[in-house]
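S.K.: Hey, dropping upload07.cif in here, mmCIF, C-alpha atoms:
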data_entry
loop_
_atom_site.group_PDB
_atom_site.id
_atom_site.type_symbol
_atom_site.label_atom_id
_atom_site.label_comp_id
_atom_site.auth_asym_id
_atom_site.auth_seq_id
_atom_site.Cartn_x
_atom_site.Cartn_y
_atom_site.Cartn_z
ATOM 1 C CA MET A 1 2.441 60.232 -25.491
ATOM 2 C CA THR A 2 4.401 61.461 -22.468
ATOM 3 C CA ASP A 3 1.706 60.180 -20.127
ATOM 4 C CA LEU A 4 1.905 56.763 -21.753
ATOM 5 C CA LEU A 5 5.690 56.637 -21.351
ATOM 6 C CA VAL A 6 5.450 57.655 -17.679
ATOM 7 C CA ALA A 7 2.803 55.000 -17.040
ATOM 8 C CA LEU A 8 4.934 52.381 -18.818
ATOM 9 C CA ALA A 9 8.024 53.378 -16.797
ATOM 10 C CA ILE A 10 6.126 53.179 -13.500
ATOM 11 C CA THR A 11 4.651 49.794 -14.451
ATOM 12 C CA SER A 12 8.062 48.376 -15.358
ATOM 13 C CA ILE A 13 9.597 49.648 -12.089
ATOM 14 C CA VAL A 14 6.815 48.069 -10.023
ATOM 15 C CA ALA A 15 7.090 44.809 -11.972
ATOM 16 C CA THR A 16 10.854 44.725 -11.467
ATOM 17 C CA MET A 17 10.491 45.275 -7.720
ATOM 18 C CA ALA A 18 7.725 42.663 -7.394
ATOM 19 C CA TRP A 19 9.402 39.889 -9.418
ATOM 20 C CA PRO A 20 11.491 38.390 -6.528
ATOM 21 C CA TYR A 21 8.335 38.050 -4.426
ATOM 22 C CA VAL A 22 6.443 36.421 -7.284
ATOM 23 C CA GLN A 23 9.318 34.022 -7.914
ATOM 24 C CA THR A 24 9.461 33.021 -4.235
ATOM 25 C CA PHE A 25 5.707 32.504 -4.215
ATOM 26 C CA LEU A 26 5.900 30.276 -7.299
ATOM 27 C CA GLN A 27 8.719 28.162 -5.841
ATOM 28 C CA THR A 28 6.861 27.731 -2.555
ATOM 29 C CA SER A 29 3.655 26.861 -4.377
ATOM 30 C CA ARG A 30 5.389 24.193 -6.494
ATOM 31 C CA LEU A 31 6.860 22.571 -3.393
ATOM 32 C CA LYS A 32 3.541 22.606 -1.552
ATOM 33 C CA ALA A 33 1.737 21.200 -4.605
ATOM 34 C CA ALA A 34 4.232 18.329 -4.769
ATOM 35 C CA ALA A 35 3.709 17.574 -1.075
ATOM 36 C CA GLN A 36 -0.068 17.659 -1.527
ATOM 37 C CA GLU A 37 0.218 15.317 -4.493
ATOM 38 C CA LEU A 38 2.233 12.882 -2.382
ATOM 39 C CA VAL A 39 -0.404 13.117 0.372
ATOM 40 C CA ALA A 40 -3.068 12.173 -2.185
ATOM 41 C CA VAL A 41 -1.025 9.161 -3.331
ATOM 42 C CA VAL A 42 -0.456 7.988 0.251
ATOM 43 C CA ASN A 43 -4.142 8.441 1.086
ATOM 44 C CA GLY A 44 -4.940 6.406 -2.033
ATOM 45 C CA ALA A 45 -3.005 3.483 -0.557
ATOM 46 C CA ARG A 46 -4.919 3.868 2.697
ATOM 47 C CA GLN A 47 -8.275 3.920 0.912
ATOM 48 C CA LEU A 48 -7.283 0.872 -1.127
ATOM 49 C CA ALA A 49 -6.426 -1.033 2.059
ATOM 50 C CA ILE A 50 -9.837 -0.233 3.530
ATOM 51 C CA ALA A 51 -11.718 -1.014 0.308
ATOM 52 C CA ARG A 52 -9.914 -4.331 -0.309
ATOM 53 C CA ASN A 53 -9.872 -5.286 3.401
ATOM 54 C CA THR A 54 -6.197 -6.198 3.218
ATOM 55 C CA LEU A 55 -2.725 -4.836 3.929
ATOM 56 C CA VAL A 56 -1.426 -2.368 1.331
ATOM 57 C CA CYS A 57 2.175 -1.236 1.147
ATOM 58 C CA MET A 58 3.182 1.931 -0.663
ATOM 59 C CA THR A 59 6.753 1.751 -1.867
ATOM 60 C CA LEU A 60 8.723 4.635 -3.306
ATOM 61 C CA THR A 61 11.095 4.209 -6.233
ATOM 62 C CA ALA A 62 12.506 7.504 -7.508
ATOM 63 C CA ASN A 63 9.329 9.523 -8.175
ATOM 64 C CA LYS A 64 7.069 6.519 -8.700
ATOM 65 C CA ALA A 65 4.867 4.992 -6.040
ATOM 66 C CA PRO A 66 3.400 1.530 -6.679
ATOM 67 C CA TYR A 67 0.897 -0.063 -4.303
ATOM 68 C CA LEU A 68 1.441 -3.646 -3.193
ATOM 69 C CA ILE A 69 -1.765 -5.359 -2.039
ATOM 70 C CA GLY A 70 -1.930 -8.397 0.217
ATOM 71 C CA THR A 71 1.536 -7.841 1.660
ATOM 72 C CA SER A 72 2.857 -8.706 5.076
ATOM 73 C CA ALA A 73 3.237 -6.079 7.792
ATOM 74 C CA ALA A 74 6.881 -5.753 6.708
ATOM 75 C CA CYS A 75 5.869 -5.032 3.081
ATOM 76 C CA ALA A 76 6.970 -8.452 1.869
ATOM 77 C CA GLY A 77 5.169 -10.367 -0.845
ATOM 78 C CA GLY A 78 1.900 -9.241 -2.282
ATOM 79 C CA ALA A 79 0.943 -8.196 -5.771
ATOM 80 C CA VAL A 80 1.304 -4.883 -7.555
ATOM 81 C CA PHE A 81 -2.043 -3.117 -7.819
ATOM 82 C CA VAL A 82 -2.964 -2.019 -11.332
ATOM 83 C CA GLY A 83 -6.001 0.207 -11.593
ATOM 84 C CA ALA A 84 -7.436 3.339 -13.114
ATOM 85 C CA ILE A 85 -4.950 5.650 -11.398
ATOM 86 C CA THR A 86 -1.844 3.621 -12.178
ATOM 87 C CA LYS A 87 0.292 3.040 -15.237
ATOM 88 C CA SER A 88 0.418 -0.421 -16.785
ATOM 89 C CA ASP A 89 3.315 -1.407 -14.487
ATOM 90 C CA GLY A 90 1.266 -0.437 -11.420
ATOM 91 C CA SER A 91 3.194 2.716 -10.592
ATOM 92 C CA ILE A 92 1.805 6.156 -9.963
ATOM 93 C CA ALA A 93 4.180 8.728 -11.396
ATOM 94 C CA LEU A 94 4.330 11.989 -9.512
ATOM 95 C CA ALA A 95 3.753 14.877 -11.895
ATOM 96 C CA ASN A 96 6.401 17.381 -10.937
ATOM 97 C CA ARG A 97 10.169 17.133 -10.827
ATOM 98 C CA MET A 98 10.564 17.451 -7.074
ATOM 99 C CA GLN A 99 12.778 14.892 -5.373
ATOM 100 C CA ILE A 100 11.064 12.592 -2.886
ATOM 101 C CA SER A 101 12.851 10.400 -0.384
ATOM 102 C CA ALA A 102 11.746 8.226 2.499
ATOM 103 C CA SER A 103 13.591 8.414 5.794
ATOM 104 C CA THR A 104 11.795 5.354 7.167
ATOM 105 C CA ALA A 105 10.546 2.029 5.866
ATOM 106 C CA ASN A 106 7.739 1.727 3.336
ATOM 107 C CA VAL A 107 4.329 2.625 4.723
ATOM 108 C CA VAL A 108 1.945 -0.301 5.220
ATOM 109 C CA PHE A 109 -1.762 0.356 5.796
ATOM 110 C CA THR A 110 -4.073 -2.123 7.513
ATOM 111 C CA ASN A 111 -7.626 -2.921 6.511
ATOM 112 C CA LEU A 112 -8.792 -0.398 9.138
ATOM 113 C CA GLY A 113 -6.766 2.443 7.637
ATOM 114 C CA ALA A 114 -4.104 2.539 10.338
ATOM 115 C CA ALA A 115 -0.443 2.456 9.388
ATOM 116 C CA SER A 116 1.214 -0.653 10.813
ATOM 117 C CA THR A 117 4.435 0.887 9.550
ATOM 118 C CA ALA A 118 4.366 4.668 9.876
ATOM 119 C CA GLY A 119 6.792 6.786 7.917
ATOM 120 C CA THR A 120 8.086 10.148 6.815
ATOM 121 C CA TYR A 121 8.692 11.299 3.261
ATOM 122 C CA THR A 122 10.741 14.365 2.383
ATOM 123 C CA VAL A 123 9.832 16.432 -0.667
ATOM 124 C CA ARG A 124 12.740 18.606 -1.845
ATOM 125 C CA ASP A 125 12.869 21.267 -4.516
ATOM 126 C CA PRO A 126 16.146 20.721 -6.405
ATOM 127 C CA ASP A 127 16.308 24.398 -7.412
ATOM 128 C CA THR A 128 16.055 25.920 -3.924
ATOM 129 C CA ASN A 129 16.790 22.924 -1.655
ATOM 130 C CA ASN A 130 13.663 23.801 0.358
ATOM 131 C CA THR A 131 11.910 20.798 1.842
ATOM 132 C CA LEU A 132 8.564 19.741 3.254
ATOM 133 C CA SER A 133 7.869 16.544 5.169
ATOM 134 C CA VAL A 134 4.880 14.307 4.569
ATOM 135 C CA VAL A 135 4.325 12.377 7.794
ATOM 136 C CA VAL A 136 2.219 9.217 8.042
ATOM 137 C CA ALA A 137 1.209 8.640 11.674
ATOM 138 C CA ALA A 138 0.447 5.216 13.134
ATOM 139 C CA SER A 139 -3.252 6.168 13.094
ATOM 140 C CA GLY A 140 -3.024 6.498 9.290
ATOM 141 C CA ARG A 141 -3.340 10.256 9.288
ATOM 142 C CA VAL A 142 -1.174 11.960 6.684
ATOM 143 C CA THR A 143 0.034 15.518 7.283
ATOM 144 C CA ILE A 144 2.431 18.000 5.729
ATOM 145 C CA GLN A 145 4.969 19.586 8.049
#
Let me see the file written as structure tokens.

M.R.:
Amino acid sequence: MTDLLVALAITSIVATMAWPYVQTFLQTSRLKAAAQELVAVVNGARQLAIARNTLVCMTLTANKAPYLIGTSAACAGGAVFVGAITKSDGSIALANRMQISASTANVVFTNLGAASTAGTYTVRDPDTNNTLSVVVAASGRVTIQ
């Protein structure tokens, strides 16, 4: 019985000391997962532009990202794309509760996959205020920084 109590005490001490590291890891992982989800949504707009051979604009409204197909290079006009990955209103809701903002204009992809309007999105964890940037280059490449 004494051995069991000693083992339980040692386990609880180790768990108590490790908890801050686990919590930091979980917070960092949630932020990175949100940024990767946004990258997938942006790449979806790029793939749609290539597949439809038209300009596609990805707008950002709160944590929803609808695709506009057949827009101008300034993201004017066009129709909301409704497909298998979208809701009935054409928006793609991001799964987590991270806050996403755009510091530049809406990203517009050409039929070749390049971004005629490049942009940067900031993903922020409201609990820790840590941020990651999702950058869309003029070539159409999307990276997390």

S.K.: Apply the PyMOL selection byres ((chain A and resi 139) around 8) to the file shown and report the selected residues as a list of chain:residue names.

M.R.: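 Matching residues under the PyMOL selection byres ((chain A and resi 139) around 8) are A:Gly113, A:Ala114, A:Ala115, A:Ala137, A:Ala138, A:Gly140, A:Arg141.
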
S.K.: Go ahead and write the residues just picked, C-alpha atoms, as a compact mmCIF listing (two decimals), in the frame of the given file.

M.R.:
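File produced: out-v5.txt:
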# COMPACT_ATOMS: atom_id res chain seq x y z
CA GLY A 113 -6.77 2.44 7.64
CA ALA A 114 -4.10 2.54 10.34
CA ALA A 115 -0.44 2.46 9.39
CA ALA A 137 1.21 8.64 11.67
CA ALA A 138 0.45 5.22 13.13
CA GLY A 140 -3.02 6.50 9.29
CA ARG A 141 -3.34 10.26 9.29

S.K.: Kindly assemble as a Markdown table a list of the range 23-80 of chain A residues that lie within 10 Å of range 130-133 of chain A, each paired with its nearest atom pair and their distance in Å to one decimal, using all atoms listed in the file, sorted first by chain and then by ascending residue number.

M.R.:
| residue | atom | partner | partner_atom | distance |
| --- | --- | --- | --- | --- |
| A:Gln27 | CA | A:Asn130 | CA | 9.0 |
| A:Thr28 | CA | A:Asn130 | CA | 8.4 |
| A:Leu31 | CA | A:Leu132 | CA | 7.4 |
| A:Lys32 | CA | A:Leu132 | CA | 7.5 |
| A:Ala34 | CA | A:Leu132 | CA | 9.2 |
| A:Ala35 | CA | A:Leu132 | CA | 6.9 |

S.K.: Please, could you write that set of residues out with C-alpha atoms as a PDB file, keeping the file's coordinate frame?

M.R.:
ATOM      1  CA  GLN A  27       8.719  28.162  -5.841  1.00  0.00           C
ATOM      2  CA  THR A  28       6.861  27.731  -2.555  1.00  0.00           C
ATOM      3  CA  LEU A  31       6.860  22.571  -3.393  1.00  0.00           C
ATOM      4  CA  LYS A  32       3.541  22.606  -1.552  1.00  0.00           C
ATOM      5  CA  ALA A  34       4.232  18.329  -4.769  1.00  0.00           C
ATOM      6  CA  ALA A  35       3.709  17.574  -1.075  1.00  0.00           C
TER       7      ALA A  35
END

S.K.: Can you list, as a list in words, every protein, DNA or RNA residue that comes within 6 Å of Gly78 in chain A when you count all atoms listed in the file, leaving out same-chain residues fewer than 5 positions away?

M.R.: Leu68, Ile69, Gly70 and Thr71 of chain A

S.K.: Could you write those residues out with C-alpha atoms, as an mmCIF file, in the frame of the given file?

M.R.:
data_model
loop_
_atom_site.group_PDB
_atom_site.id
_atom_site.type_symbol
_atom_site.label_atom_id
_atom_site.label_comp_id
_atom_site.auth_asym_id
_atom_site.auth_seq_id
_atom_site.Cartn_x
_atom_site.Cartn_y
_atom_site.Cartn_z
ATOM 1 C CA LEU A 68 1.441 -3.646 -3.193
ATOM 2 C CA ILE A 69 -1.765 -5.359 -2.039
ATOM 3 C CA GLY A 70 -1.930 -8.397 0.217
ATOM 4 C CA THR A 71 1.536 -7.841 1.660
#

S.K.: Using all atoms listed in the file, which of the listed residues (A:Lys64, A:Asn43, A:Met98, A:Thr104) sits closest to Asp125 in chain A?

M.R.: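 For Asp125 in chain A, the nearest of the candidates is A:Met98.
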
S.K.: Output as lines of an AutoDock Vina configuration file the centre and edge lengths (Å, one decimal) of the box along x, y and z of the file that holds every listed atom of range 84-91 of chain A after adding 3 Å on each side.

M.R.:
center_x = -2.1
center_y = 2.1
center_z = -13.7
size_x = 16.8
size_y = 13.1
size_z = 12.2

S.K.: Select, from A:Ala118, A:Leu60, A:Val80, A:Ala73, the residue with the minimum atom-to-atom distance to Ser101 in chain A, counting all atoms listed in the file.

M.R.: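 For Ser101 in chain A, the nearest of the candidates is A:Leu60.
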
S.K.: Using the chain letters and numbering of this document, enumerate as a PDB file with C-alpha atoms, in the coordinates of the input the residues selected by the PyMOL selection byres ((chain A and resi 134) around 6).

M.R.:
ATOM      1  CA  THR A 120       8.086  10.148   6.815  1.00  0.00           C
ATOM      2  CA  TYR A 121       8.692  11.299   3.261  1.00  0.00           C
ATOM      3  CA  SER A 133       7.869  16.544   5.169  1.00  0.00           C
ATOM      4  CA  VAL A 135       4.325  12.377   7.794  1.00  0.00           C
ATOM      5  CA  THR A 143       0.034  15.518   7.283  1.00  0.00           C
ATOM      6  CA  ILE A 144       2.431  18.000   5.729  1.00  0.00           C
TER       7      ILE A 144
END

S.K.: Measuring between all atoms listed in the file, which one of A:Ile85, A:Pro126, A:Asn106, A:Tyr67 shows the shortest distance to Ala49 in chain A?

M.R.: A:Tyr67

S.K.: Using the chain letters and numbers from this file, what does the PyMOL selection byres ((chain A and resi 107) around 6) select? Give the answer as a short mmCIF file (atom, residue, chain, number, x, y, z; two decimals) with C-alpha atoms, in the frame of the given file.

M.R.:
data_model
loop_
_atom_site.label_atom_id
_atom_site.label_comp_id
_atom_site.auth_asym_id
_atom_site.auth_seq_id
_atom_site.Cartn_x
_atom_site.Cartn_y
_atom_site.Cartn_z
CA CYS A 57 2.17 -1.24 1.15
CA MET A 58 3.18 1.93 -0.66
CA ASN A 106 7.74 1.73 3.34
CA VAL A 108 1.94 -0.30 5.22
CA THR A 117 4.43 0.89 9.55
CA ALA A 118 4.37 4.67 9.88
CA GLY A 119 6.79 6.79 7.92
#

S.K.: Report, in Å with one decimal, the straight-line distance from CA of Thr61 in chain A to CA of Leu94 in chain A.

M.R.: 10.8 Å

S.K.: In Å, rounded to a single decimal, give me how far CA of Ala79 in chain A is from CA of Pro66 in chain A.

M.R.: 10.1 Å

S.K.: In the coordinates of the file, take the point (-10.1, 0.3, -4.3) and a cut-off of 12 Å; then, counting all atoms listed in the file, name each qualifying protein, DNA or RNA residue as JSON, numbers by chain.

M.R.: {"A": [43, 44, 45, 46, 47, 48, 49, 50, 51, 52, 53, 54, 56, 67, 69, 81, 82, 83, 84, 85, 86, 111]}

S.K.: For Asp89 in chain A, which residue among A:Ile10, A:Ala65, A:Gly77, A:Ser116 is the nearest when counting all atoms listed in the file?

M.R.: A:Ala65

S.K.: What does the distance from CA of Val39 in chain A to CA of Thr24 in chain A come to in Å, to one decimal?

M.R.: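 If I compute the distance from CA of Val39 in chain A to CA of Thr24 in chain A, I get 22.7 Å.
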
S.K.: For each of A:Ala74, A:Met1, A:Val6, A:Ala18, take the minimum atom-to-atom distance to Leu55 in chain A, counting all atoms listed in the file, then give the residue where this is smallest.

M.R.: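 Closest to Leu55 in chain A, using all atoms listed in the file: A:Ala74.
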
S.K.: When you count all atoms listed in the file, which of these residues is closest to Asn96 in chain A: A:Gln145, A:Ser72, A:Thr122, A:Asn63?

M.R.: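 Closest to Asn96 in chain A of all the choices is A:Asn63.
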